[in-house]
>>> print(open('protein-v5.txt').read())   # compact mmCIF, C-alpha atoms
# COMPACT_ATOMS: atom_id res chain seq x y z
CA MET A 1 -120.37 -178.65 -155.22
CA LYS A 2 -119.74 -182.40 -155.12
CA GLN A 3 -122.84 -182.93 -153.02
CA LEU A 4 -125.13 -181.04 -155.42
CA ASN A 5 -124.96 -183.40 -158.39
CA TRP A 6 -128.01 -185.30 -157.24
CA PHE A 7 -130.12 -182.11 -157.11
CA PHE A 8 -131.09 -182.06 -160.78
CA ALA A 9 -131.79 -185.81 -160.83
CA VAL A 10 -134.37 -185.47 -158.08
CA SER A 11 -135.67 -181.96 -158.78
CA ALA A 12 -139.19 -183.32 -159.30
CA LEU A 13 -139.24 -184.65 -155.74
CA ILE A 14 -141.65 -182.67 -153.56
CA LEU A 15 -141.20 -183.12 -149.86
CA ALA A 16 -143.64 -181.34 -147.63
CA GLY A 17 -142.99 -179.30 -144.55
CA CYS A 18 -140.29 -177.65 -142.46
CA SER A 19 -140.41 -177.86 -138.69
CA THR A 20 -142.50 -174.89 -137.72
CA GLY A 21 -142.52 -172.68 -134.69
CA ASN A 22 -145.17 -170.02 -134.13
CA SER A 23 -143.23 -167.62 -131.86
CA ASN A 24 -142.50 -165.13 -134.66
CA ILE A 25 -145.50 -165.86 -136.87
CA ASP A 26 -148.00 -165.11 -134.12
CA LYS A 27 -146.65 -161.55 -133.87
CA ILE A 28 -147.18 -160.79 -137.57
CA VAL A 29 -149.75 -158.16 -138.42
CA ARG A 30 -151.31 -158.67 -141.79
CA GLY A 31 -150.74 -155.91 -144.32
CA LYS A 32 -151.16 -155.32 -147.99
CA GLY A 33 -149.10 -157.28 -150.47
CA ILE A 34 -148.90 -160.64 -152.17
CA PRO A 35 -150.12 -163.32 -149.78
CA VAL A 36 -147.53 -165.92 -148.81
CA LYS A 37 -147.12 -168.61 -146.21
CA VAL A 38 -143.97 -169.01 -144.18
CA SER A 39 -142.38 -171.54 -141.90
CA GLU A 40 -139.92 -170.64 -139.21
CA ILE A 41 -136.65 -172.41 -139.79
CA GLY A 42 -135.81 -174.83 -137.01
CA LYS A 43 -133.88 -178.00 -136.64
CA SER A 44 -135.12 -180.99 -138.59
CA ILE A 45 -137.25 -183.22 -136.42
CA ASN A 46 -135.77 -186.18 -138.28
CA ALA A 47 -132.23 -184.92 -138.02
CA THR A 48 -130.58 -188.34 -138.14
CA ASP A 49 -132.74 -189.82 -140.92
CA HIS A 50 -130.68 -189.28 -144.03
CA MET A 51 -131.57 -189.95 -147.65
CA TYR A 52 -129.17 -191.11 -150.35
CA ILE A 53 -129.50 -191.88 -154.04
CA GLY A 54 -128.42 -195.38 -155.04
CA THR A 55 -128.44 -197.83 -157.93
CA ILE A 56 -129.62 -201.42 -157.79
CA GLU A 57 -127.07 -204.08 -158.72
CA GLU A 58 -127.28 -207.84 -159.09
CA SER A 59 -125.97 -209.82 -156.12
CA PHE A 60 -124.09 -212.25 -158.37
CA SER A 61 -122.62 -211.58 -161.78
CA VAL A 62 -120.11 -213.59 -163.76
CA PRO A 63 -118.96 -213.28 -167.39
CA LEU A 64 -118.93 -216.55 -169.32
CA SER A 65 -116.48 -217.21 -172.12
CA PHE A 66 -115.11 -220.08 -174.19
CA LEU A 67 -111.63 -221.41 -173.47
CA VAL A 68 -110.93 -222.22 -177.12
CA THR A 69 -111.15 -220.34 -180.38
CA GLY A 70 -113.68 -221.23 -183.03
CA THR A 71 -116.91 -220.34 -184.80
CA ALA A 72 -120.22 -220.24 -182.94
CA GLU A 73 -122.47 -222.98 -184.29
CA LYS A 74 -125.45 -222.92 -181.92
CA VAL A 75 -126.67 -220.44 -179.30
CA LEU A 76 -129.28 -222.09 -177.09
CA VAL A 77 -130.39 -219.33 -174.69
CA ASP A 78 -131.64 -215.74 -174.89
CA GLU A 79 -131.29 -212.68 -172.69
CA GLY A 80 -133.54 -212.80 -169.64
CA GLN A 81 -133.79 -216.59 -169.74
CA MET A 82 -133.39 -218.51 -166.49
CA VAL A 83 -130.84 -221.32 -166.66
CA LYS A 84 -129.79 -224.17 -164.38
CA LYS A 85 -126.31 -225.18 -163.33
CA GLY A 86 -124.82 -227.44 -166.00
CA GLN A 87 -127.22 -226.31 -168.74
CA LEU A 88 -125.69 -226.13 -172.22
CA LEU A 89 -125.64 -222.51 -173.43
CA ALA A 90 -123.71 -222.47 -176.71
CA ILE A 91 -121.68 -224.71 -179.01
CA LEU A 92 -118.68 -224.02 -181.25
CA ASN A 93 -118.03 -225.88 -184.47
CA ASN A 94 -115.82 -228.73 -183.24
CA GLU A 95 -114.80 -230.44 -186.48
CA SER A 96 -111.13 -229.46 -186.29
CA TYR A 97 -110.92 -230.31 -182.59
CA GLN A 98 -112.56 -233.68 -183.26
CA ASN A 99 -109.92 -234.41 -185.91
CA MET A 100 -107.08 -233.39 -183.59
CA TYR A 101 -108.49 -235.60 -180.88
CA GLN A 102 -108.65 -238.61 -183.20
CA VAL A 103 -105.05 -238.02 -184.29
CA ALA A 104 -103.97 -237.77 -180.66
CA LEU A 105 -105.77 -241.01 -179.80
CA SER A 106 -104.07 -242.75 -182.71
CA LYS A 107 -100.62 -241.58 -181.59
CA ALA A 108 -101.36 -242.63 -178.04
CA LYS A 109 -102.34 -246.10 -179.28
CA GLN A 110 -99.11 -246.38 -181.26
CA ALA A 111 -97.08 -245.31 -178.23
CA GLU A 112 -98.86 -247.90 -176.07
CA ASP A 113 -98.16 -250.65 -178.59
CA ALA A 114 -94.48 -249.73 -178.73
CA TYR A 115 -94.23 -249.65 -174.96
CA ASN A 116 -95.98 -253.00 -174.57
CA ARG A 117 -93.55 -254.61 -177.05
CA LEU A 118 -90.39 -253.18 -175.54
CA GLU A 119 -91.12 -253.33 -171.82
CA PRO A 120 -90.58 -257.13 -171.60
CA MET A 121 -87.25 -256.73 -173.41
CA TYR A 122 -86.18 -254.07 -170.90
CA LYS A 123 -87.09 -256.33 -167.99
CA LYS A 124 -84.98 -259.13 -169.51
CA GLY A 125 -82.04 -256.75 -169.88
CA SER A 126 -81.96 -256.87 -173.66
CA LEU A 127 -83.08 -253.23 -174.09
CA PRO A 128 -80.83 -250.32 -173.04
CA GLU A 129 -82.29 -248.18 -170.27
CA ILE A 130 -81.96 -245.00 -172.33
CA LYS A 131 -84.14 -246.57 -175.04
CA TYR A 132 -86.70 -247.63 -172.44
CA VAL A 133 -86.83 -244.12 -170.97
CA GLU A 134 -87.34 -242.72 -174.46
CA ILE A 135 -90.28 -245.07 -175.12
CA LYS A 136 -91.82 -244.39 -171.70
CA THR A 137 -91.51 -240.63 -172.17
CA GLY A 138 -93.12 -240.88 -175.61
CA LEU A 139 -96.04 -242.78 -174.08
CA ASP A 140 -96.55 -240.17 -171.38
CA GLN A 141 -96.43 -237.35 -173.92
CA ALA A 142 -98.93 -239.12 -176.18
CA HIS A 143 -101.34 -239.55 -173.26
CA SER A 144 -100.97 -235.88 -172.30
CA LEU A 145 -101.62 -234.78 -175.88
CA ALA A 146 -104.74 -236.95 -176.02
CA SER A 147 -106.01 -235.47 -172.74
CA ILE A 148 -105.43 -231.92 -173.98
CA SER A 149 -107.15 -232.67 -177.29
CA GLU A 150 -110.12 -234.19 -175.46
CA LYS A 151 -110.39 -231.14 -173.20
CA ASN A 152 -110.28 -228.77 -176.19
CA LEU A 153 -113.04 -230.79 -177.83
CA ASN A 154 -115.18 -230.65 -174.69
CA ASP A 155 -114.51 -226.91 -174.34
CA CYS A 156 -116.40 -226.34 -177.58
CA ASN A 157 -119.50 -226.61 -175.36
CA LEU A 158 -120.24 -223.81 -172.88
CA TYR A 159 -122.25 -224.70 -169.76
CA ALA A 160 -123.81 -222.59 -167.01
CA PRO A 161 -121.61 -222.76 -163.88
CA ALA A 162 -124.56 -221.95 -161.60
CA ASP A 163 -128.28 -221.27 -161.57
CA GLY A 164 -129.08 -217.76 -162.76
CA ILE A 165 -130.45 -215.49 -165.46
CA VAL A 166 -128.79 -214.61 -168.75
CA GLY A 167 -128.31 -210.90 -168.19
CA ARG A 168 -126.52 -210.30 -171.47
CA ARG A 169 -125.92 -212.31 -174.62
CA MET A 170 -122.99 -211.20 -176.78
CA ILE A 171 -122.85 -214.15 -179.18
CA GLU A 172 -124.66 -215.09 -182.39
CA PRO A 173 -124.30 -218.13 -184.66
CA GLY A 174 -121.45 -217.67 -187.12
CA MET A 175 -119.45 -215.32 -184.92
CA SER A 176 -115.72 -215.89 -184.54
CA ILE A 177 -115.03 -216.57 -180.88
CA ILE A 178 -111.87 -215.52 -179.06
CA PRO A 179 -110.85 -217.43 -175.92
CA GLY A 180 -111.59 -215.48 -172.75
CA LYS A 181 -113.86 -212.91 -174.42
CA PRO A 182 -117.25 -212.90 -172.60
CA VAL A 183 -120.19 -214.18 -174.63
CA PHE A 184 -122.77 -214.23 -171.80
CA GLN A 185 -123.27 -212.40 -168.51
CA LEU A 186 -124.88 -214.66 -165.91
CA VAL A 187 -126.60 -212.89 -163.00
CA LYS A 188 -128.70 -213.66 -159.94
CA ILE A 189 -131.37 -211.21 -158.76
CA ASP A 190 -133.29 -213.17 -156.13
CA LYS A 191 -131.22 -210.94 -153.88
CA VAL A 192 -129.95 -207.55 -155.01
CA ASN A 193 -127.69 -204.84 -153.66
CA VAL A 194 -128.13 -201.09 -153.69
CA LYS A 195 -124.83 -199.29 -154.30
CA ILE A 196 -124.77 -195.90 -152.59
CA PRO A 197 -122.05 -193.21 -152.60
CA VAL A 198 -121.77 -191.66 -149.13
CA PRO A 199 -119.84 -188.38 -148.54
CA GLU A 200 -116.70 -188.69 -146.46
CA ASN A 201 -118.10 -186.55 -143.64
CA GLU A 202 -121.05 -188.95 -143.23
CA ILE A 203 -119.48 -192.38 -143.65
CA ALA A 204 -118.52 -192.70 -139.96
CA GLY A 205 -122.19 -192.76 -138.97
CA ILE A 206 -123.00 -195.85 -141.02
CA GLN A 207 -122.41 -199.34 -139.66
CA LYS A 208 -122.87 -202.85 -141.01
CA GLY A 209 -126.22 -204.31 -140.06
CA GLN A 210 -128.05 -200.97 -140.00
CA GLU A 211 -131.59 -200.96 -141.33
CA ALA A 212 -132.23 -199.11 -144.56
CA TYR A 213 -135.44 -198.28 -146.37
CA VAL A 214 -135.46 -198.18 -150.16
CA LYS A 215 -137.99 -196.54 -152.46
CA VAL A 216 -137.95 -197.20 -156.21
CA SER A 217 -139.70 -194.58 -158.33
CA ALA A 218 -139.96 -196.99 -161.28
CA LEU A 219 -142.17 -199.18 -159.08
CA GLY A 220 -144.45 -196.41 -157.86
CA ASP A 221 -142.27 -195.57 -154.85
CA ARG A 222 -142.77 -199.05 -153.47
CA LYS A 223 -140.85 -199.43 -150.23
CA PHE A 224 -138.38 -202.21 -149.46
CA GLU A 225 -136.49 -202.95 -146.27
CA GLY A 226 -132.85 -204.00 -146.26
CA GLU A 227 -129.64 -203.69 -144.31
CA VAL A 228 -126.15 -202.36 -144.82
CA THR A 229 -123.82 -205.25 -145.68
CA GLU A 230 -120.71 -203.56 -147.07
CA ILE A 231 -118.87 -200.32 -146.32
CA GLY A 232 -116.10 -199.32 -148.70
CA VAL A 233 -112.69 -198.24 -147.43
CA LEU A 234 -111.41 -196.56 -150.60
CA SER A 235 -112.83 -193.19 -151.60
CA ASN A 236 -113.64 -191.88 -155.04
CA PRO A 237 -110.84 -189.34 -155.63
CA LEU A 238 -113.15 -186.97 -157.52
CA SER A 239 -116.31 -187.01 -155.41
CA HIS A 240 -114.72 -187.94 -152.05
CA THR A 241 -117.43 -190.51 -151.44
CA TYR A 242 -117.32 -194.07 -150.14
CA ASN A 243 -119.51 -196.78 -151.61
CA ILE A 244 -121.73 -198.80 -149.32
CA LYS A 245 -124.09 -201.63 -150.21
CA VAL A 246 -127.56 -202.37 -148.89
CA ALA A 247 -128.83 -205.93 -149.40
CA LEU A 248 -132.47 -206.52 -150.36
CA ASN A 249 -134.45 -209.71 -150.81
CA ASN A 250 -136.05 -209.85 -154.25
CA PRO A 251 -138.00 -213.14 -154.47
CA ASP A 252 -140.40 -211.78 -157.11
CA LYS A 253 -137.47 -210.42 -159.13
CA ILE A 254 -139.20 -207.07 -159.64
CA LEU A 255 -136.09 -205.13 -158.67
CA LYS A 256 -133.87 -204.90 -161.74
CA PRO A 257 -130.19 -203.98 -161.97
CA GLY A 258 -129.76 -200.34 -162.96
CA MET A 259 -132.91 -199.02 -161.26
CA VAL A 260 -132.33 -195.75 -159.39
CA CYS A 261 -133.73 -195.56 -155.88
CA LYS A 262 -133.86 -193.41 -152.76
CA VAL A 263 -132.41 -194.94 -149.60
CA SER A 264 -133.14 -193.70 -146.09
CA ILE A 265 -130.58 -194.60 -143.42
CA ASN A 266 -130.37 -193.44 -139.82
CA ASN A 267 -127.08 -191.53 -139.55
CA PRO A 268 -126.38 -190.00 -136.13
CA VAL A 269 -123.20 -188.34 -137.38
CA MET A 270 -125.31 -185.76 -139.17
CA GLY A 271 -126.61 -184.31 -135.89
CA ASN A 272 -128.98 -181.33 -135.99
CA ARG A 273 -129.30 -179.77 -139.41
CA ILE A 274 -131.44 -177.17 -141.11
CA VAL A 275 -133.75 -179.00 -143.50
CA VAL A 276 -136.21 -177.33 -145.89
CA PRO A 277 -138.62 -178.67 -148.51
CA LEU A 278 -136.89 -179.29 -151.81
CA SER A 279 -139.77 -177.55 -153.59
CA VAL A 280 -138.77 -174.08 -152.30
CA ILE A 281 -135.25 -174.20 -153.76
CA GLN A 282 -134.89 -171.87 -156.75
CA VAL A 283 -132.15 -172.08 -159.40
CA GLY A 284 -130.65 -168.90 -160.85
CA GLY A 285 -129.35 -168.38 -164.35
CA ASP A 286 -125.83 -168.96 -163.06
CA LYS A 287 -126.97 -172.25 -161.49
CA SER A 288 -126.80 -170.76 -158.00
CA LYS A 289 -129.43 -171.91 -155.50
CA TYR A 290 -131.57 -169.52 -153.47
CA VAL A 291 -134.73 -169.26 -151.40
CA TYR A 292 -137.02 -166.42 -150.37
CA VAL A 293 -137.43 -165.35 -146.75
CA ALA A 294 -139.39 -162.56 -145.11
CA ASN A 295 -137.41 -159.54 -143.88
CA SER A 296 -137.24 -158.49 -140.25
CA SER A 297 -140.39 -156.37 -140.69
CA LYS A 298 -142.22 -159.33 -142.21
CA ASP A 299 -143.47 -157.27 -145.15
CA LYS A 300 -140.73 -157.59 -147.81
CA VAL A 301 -139.04 -160.44 -149.62
CA VAL A 302 -135.33 -161.12 -149.17
CA LYS A 303 -133.51 -163.37 -151.61
CA ARG A 304 -131.12 -165.65 -149.73
CA ASN A 305 -128.42 -167.63 -151.53
CA VAL A 306 -127.98 -171.08 -150.04
CA GLU A 307 -125.69 -174.05 -150.36
CA LEU A 308 -127.23 -177.49 -150.40
CA GLY A 309 -126.05 -180.59 -148.65
CA SER A 310 -127.60 -183.95 -149.28
CA LEU A 311 -131.14 -185.24 -149.07
CA ALA A 312 -132.89 -185.93 -145.80
CA SER A 313 -136.08 -187.90 -145.35
CA ASN A 314 -138.11 -184.69 -145.08
CA GLY A 315 -136.32 -182.35 -147.46
CA VAL A 316 -132.87 -181.12 -148.34
CA VAL A 317 -130.07 -180.10 -145.98
CA ILE A 318 -128.99 -176.44 -146.08
CA THR A 319 -125.31 -176.14 -145.23
CA SER A 320 -125.15 -172.34 -145.39
CA GLY A 321 -127.39 -169.36 -146.07
CA LEU A 322 -130.14 -169.92 -143.48
CA SER A 323 -130.31 -169.73 -139.73
CA ALA A 324 -132.76 -170.96 -137.13
CA GLY A 325 -135.54 -168.41 -136.78
CA ASP A 326 -135.54 -167.27 -140.42
CA LEU A 327 -139.02 -167.11 -141.94
CA LEU A 328 -138.84 -169.24 -145.08
CA ILE A 329 -141.53 -168.53 -147.68
CA THR A 330 -143.04 -171.94 -148.48
CA GLU A 331 -146.15 -170.95 -150.45
CA GLY A 332 -146.58 -168.12 -152.92
CA TYR A 333 -142.87 -167.96 -153.76
CA GLN A 334 -143.72 -168.48 -157.45
CA LYS A 335 -145.27 -164.98 -157.60
CA ILE A 336 -142.60 -162.92 -155.87
CA ASN A 337 -139.14 -161.48 -156.37
CA GLU A 338 -136.66 -159.81 -154.08
CA SER A 339 -138.14 -156.75 -152.33
CA THR A 340 -141.72 -157.71 -153.28
CA THR A 341 -144.23 -156.48 -150.71
CA ILE A 342 -145.94 -159.41 -149.03
CA GLN A 343 -148.51 -160.20 -146.44
CA ILE A 344 -148.11 -163.37 -144.44
CA VAL A 345 -151.17 -165.55 -144.10
CA ARG A 346 -151.79 -168.73 -142.25
>>> encode(input="protein-v5.txt", output="C-alpha cells")
Amino acid sequence: MKQLNWFFAVSALILAGCSTGNSNIDKIVRGKGIPVKVSEIGKSINATDHMYIGTIEESFSVPLSFLVTGTAEKVLVDEGQMVKKGQLLAILNNESYQNMYQVALSKAKQAEDAYNRLEPMYKKGSLPEIKYVEIKTGLDQAHSLASISEKNLNDCNLYAPADGIVGRRMIEPGMSIIPGKPVFQLVKIDKVNVKIPVPENEIAGIQKGQEAYVKVSALGDRKFEGEVTEIGVLSNPLSHTYNIKVALNNPDKILKPGMVCKVSINNPVMGNRIVVPLSVIQVGGDKSKYVYVANSSKDKVVKRNVELGSLASNGVVITSGLSAGDLLITEGYQKINESTTIQIVR
C-alpha cells in the first residue's frame, strides 16, 4: 500500500494508450452488447522510463537570527525581496548596549591610565611583581569587556550573509527578540532541487548524473531538464523510500519552492512491466482498485482486482491482477459492470 499514496494526488492525470497487439482482437466476432474498445495487455514499450512525484525545494536556505536579545526597532525588508550580501535587514533598539559599551570604554581607559602610571615603577623595581600582574590583568579584562560590549552593540544590526531572497519574515517592529530564534529565512532559487522519494526496490537503478525530465502542472506542464545530484542512503522507516534530488537551473525564478511536479527518470532496474492507462483504474467503495477485462469468449465483462505500483511515463504499473494477453477495456468502461454483455469494436 505504501506505493499507492500518490494515486489520489494524480487521479486527474490521463495517460493515453497501452501497448496493443492485434493477435486476439482480430479473431473477435462482433455481437450484440454494449460497444467497448479493448487493448491487449503487453509489456510497456517504455519499460525503463519511470515517473515519480516530487517537490521543488530551494537550493540554498539559511535561517537568520540575532545574537543578542532586545526589541525590534526597524525591519527593512519584506518577504520576496531580493537582498545583497551585507545588506542591513533589521535593527534592534541598542540604547542599553550603547550605554554598556560606553561604561566598558570608560573602565578600559581607567585601567590604561593605571597601567601607564605603574609600569615605570615596576621597571625601576619599586612596585611588587604581584601588584604589577594585578594591574596588567585588570587592563586585559577591561579591554576584553570593551570588545564584548562593542560586539553586542554591533549585533543589534542584522545583515544578509549572502545574496538571496527573503523567503520568510518572522519579525515585526516592537517584537521581543530572543537570541538564536530565526527572524528571516534567506533562500536562493536561481537553481532549485526536486526532492523525490524512491521506493527501495527501485533505488538501485538510479545513479548520480542521470538525466531527468520535470513537468510542473502549476506552470501548464512546462518541461524542464535536470540531473540527479544526490541519492540518499537512509530510508524513511514508514514508507521504505530513499530521497533523491534532481537539480534544475531556474534563471527566471519561475520554479517556486513547494511546487509539486512529475519527474521522469530512466530506471533499468524496473525491467519489463505491465503498464496501463491511469484512466481505466476504478476505485471501489472499500478503496480497492480494479479494471474491466473481456472474458475468454470476448462477450462478457470480468472485473479484475489489481494492485498498483508507481507511475510510468505512459501510465501506471500493475504489480498484480493482470497478465500479458488480457484484453483490457479502455473505452466504454463507464457504462458497464461485471458480467455485462459487450461487443468489441475497433
>>> closest_residue(input="protein-v5.txt", among="A:Met121, A:Asp155, A:Glu57, A:Ser147", to="Gly70 of chain A", atoms="all atoms listed in the file")
A:Asp155
>>> closest_atom_pairs(input="protein-v5.txt", of="segment 19-133 of chain A", to="segment 255-266 of chain A", cutoff="6 Å", atoms="only C-alpha atoms", output="CSV")
residue,atom,partner,partner_atom,distance
A:Thr48,CA,A:Asn266,CA,5.4
A:Asp49,CA,A:Asn266,CA,4.5
A:His50,CA,A:Ile265,CA,5.4
A:Met51,CA,A:Ser264,CA,4.4
A:Tyr52,CA,A:Val263,CA,5.1
A:Ile53,CA,A:Lys262,CA,4.8
A:Gly54,CA,A:Cys261,CA,5.4
A:Thr55,CA,A:Val260,CA,4.6
A:Ile56,CA,A:Pro257,CA,4.9
A:Glu57,CA,A:Pro257,CA,4.5
A:Glu58,CA,A:Pro257,CA,5.6
>>> closest_residue(input="protein-v5.txt", among="A:Ala111, A:Leu92, A:Leu64, A:Leu153", to="Lys136 of chain A", atoms="only C-alpha atoms")
A:Ala111
>>> residues_around(input="protein-v5.txt", residues="Val77 of chain A", least_positions_apart="4", cutoff="8 Å", atoms="only C-alpha atoms", output="list of chain:residue names")
A:Gln81, A:Leu89, A:Ala90, A:Val166
>>> atom_distance(input="protein-v5.txt", atom1="atom CA of Thr330 of chain A", atom2="atom CA of Gly315 of chain A")
12.4 Å
>>> closest_residue(input="protein-v5.txt", among="A:Glu40, A:Leu145, A:Arg168, A:Ile177", to="Asn93 of chain A", atoms="all atoms listed in the file")
A:Ile177
>>> closest_residue(input="protein-v5.txt", among="A:Phe224, A:Tyr122, A:Tyr333, A:Tyr159", to="Leu67 of chain A", atoms="all atoms listed in the file")
A:Tyr159
>>> atom_distance(input="protein-v5.txt", atom1="atom CA of Ser59 of chain A", atom2="atom CA of Ile171 of chain A")
23.7 Å
>>> atom_distance(input="protein-v5.txt", atom1="atom CA of Ser149 of chain A", atom2="atom CA of Val62 of chain A")
26.7 Å
>>> closest_residue(input="protein-v5.txt", among="A:Glu172, A:Glu338, A:Asp190, A:Glu134", to="Asp252 of chain A", atoms="only C-alpha atoms")
A:Asp190
>>> closest_atom_pairs(input="protein-v5.txt", of="segment 288-343 of chain A", to="segment 199-210 of chain A", cutoff="12 Å", atoms="all atoms listed in the file", output="CSV")
residue,atom,partner,partner_atom,distance
A:Gly309,CA,A:Pro199,CA,10.0
A:Ser310,CA,A:Pro199,CA,9.0
A:Leu311,CA,A:Pro199,CA,11.7
>>> closest_residue(input="protein-v5.txt", among="A:Val345, A:Ala324, A:Val216, A:Val198", to="Asn267 of chain A", atoms="only C-alpha atoms")
A:Val198
>>> residues_around(input="protein-v5.txt", residues="Ile254 of chain A", least_positions_apart="4", cutoff="10 Å", atoms="all atoms listed in the file", output="list of chain:residue names")
A:Ile189, A:Asp190, A:Leu219, A:Asn250
>>> residues_around(input="protein-v5.txt", residues="Ile329 of chain A", least_positions_apart="5", cutoff="8 Å", atoms="all atoms listed in the file", output="PyMOL selection string")
chain A and resi 36-39+280+291-294
>>> residues_around(input="protein-v5.txt", residues="Tyr290 of chain A", least_positions_apart="3", cutoff="12 Å", atoms="all atoms listed in the file", output="PyMOL selection string")
chain A and resi 276+278-287+293+302-308+318+320-322+328-329+333+337-338
>>> closest_atom_pairs(input="protein-v5.txt", of="segment 139-209 of chain A", to="segment 242-248 of chain A", cutoff="6 Å", atoms="all atoms listed in the file", output="Markdown table")
| residue | atom | partner | partner_atom | distance |
| --- | --- | --- | --- | --- |
| A:Lys191 | CA | A:Leu248 | CA | 5.8 |
| A:Val192 | CA | A:Leu248 | CA | 5.4 |
| A:Asn193 | CA | A:Ala247 | CA | 4.5 |
| A:Val194 | CA | A:Val246 | CA | 5.0 |
| A:Lys195 | CA | A:Lys245 | CA | 4.8 |
| A:Ile196 | CA | A:Ile244 | CA | 5.3 |
| A:Pro197 | CA | A:Asn243 | CA | 4.5 |
| A:Val198 | CA | A:Tyr242 | CA | 5.2 |
>>> decode(input="protein-v5.txt", residues="segment 193-260 of chain A", atoms="C-alpha atoms", output="short mmCIF file (atom, residue, chain, number, x, y, z; two decimals), in the first residue's frame")
data_model
loop_
_atom_site.label_atom_id
_atom_site.label_comp_id
_atom_site.auth_asym_id
_atom_site.auth_seq_id
_atom_site.Cartn_x
_atom_site.Cartn_y
_atom_site.Cartn_z
CA ASN A 193 16.22 20.93 -6.39
CA VAL A 194 13.40 18.45 -6.79
CA LYS A 195 13.14 16.12 -3.80
CA ILE A 196 11.79 12.71 -4.81
CA PRO A 197 11.03 9.65 -2.65
CA VAL A 198 12.08 6.49 -4.50
CA PRO A 199 10.93 3.00 -3.35
CA GLU A 200 13.65 0.73 -2.03
CA ASN A 201 13.23 -1.78 -4.87
CA GLU A 202 13.93 0.96 -7.45
CA ILE A 203 16.73 2.98 -5.87
CA ALA A 204 19.50 0.74 -7.26
CA GLY A 205 18.61 1.78 -10.81
CA ILE A 206 19.24 5.48 -10.21
CA GLN A 207 22.72 6.96 -10.47
CA LYS A 208 24.19 10.42 -9.99
CA GLY A 209 24.40 12.35 -13.22
CA GLN A 210 21.34 10.70 -14.79
CA GLU A 211 19.10 12.93 -16.87
CA ALA A 212 15.65 13.68 -15.52
CA TYR A 213 12.69 15.45 -17.05
CA VAL A 214 10.41 17.50 -14.84
CA LYS A 215 6.87 18.69 -15.55
CA VAL A 216 5.16 21.23 -13.30
CA SER A 217 1.37 21.28 -13.51
CA ALA A 218 1.22 24.75 -11.94
CA LEU A 219 3.13 26.03 -14.98
CA GLY A 220 0.97 24.34 -17.58
CA ASP A 221 3.03 21.13 -17.61
CA ARG A 222 6.07 23.06 -18.77
CA LYS A 223 9.02 20.71 -19.13
CA PHE A 224 12.43 21.23 -17.54
CA GLU A 225 15.59 19.17 -17.88
CA GLY A 226 17.83 18.38 -14.93
CA GLU A 227 20.07 15.72 -13.50
CA VAL A 228 20.28 13.57 -10.39
CA THR A 229 22.75 15.14 -7.96
CA GLU A 230 22.04 13.39 -4.65
CA ILE A 231 20.97 9.88 -3.67
CA GLY A 232 20.03 9.33 -0.05
CA VAL A 233 21.41 6.41 1.94
CA LEU A 234 18.91 6.43 4.82
CA SER A 235 15.39 5.18 4.20
CA ASN A 236 12.13 6.51 5.55
CA PRO A 237 11.16 3.84 8.12
CA LEU A 238 7.45 4.17 7.33
CA SER A 239 7.41 4.37 3.53
CA HIS A 240 10.68 2.48 2.85
CA THR A 241 11.71 5.12 0.34
CA TYR A 242 15.01 6.89 -0.27
CA ASN A 243 15.14 10.57 -1.13
CA ILE A 244 16.98 11.68 -4.24
CA LYS A 245 17.47 15.19 -5.57
CA VAL A 246 17.32 16.45 -9.14
CA ALA A 247 18.99 19.81 -9.80
CA LEU A 248 17.35 22.31 -12.16
CA ASN A 249 18.50 25.68 -13.44
CA ASN A 250 15.94 28.38 -12.70
CA PRO A 251 17.30 31.67 -14.09
CA ASP A 252 13.83 33.18 -14.50
CA LYS A 253 12.90 32.11 -10.96
CA ILE A 254 9.54 30.73 -12.11
CA LEU A 255 10.03 27.48 -10.20
CA LYS A 256 9.00 28.09 -6.61
CA PRO A 257 9.73 26.00 -3.51
CA GLY A 258 6.78 23.78 -2.65
CA MET A 259 5.56 23.22 -6.21
CA VAL A 260 4.59 19.59 -6.91
#
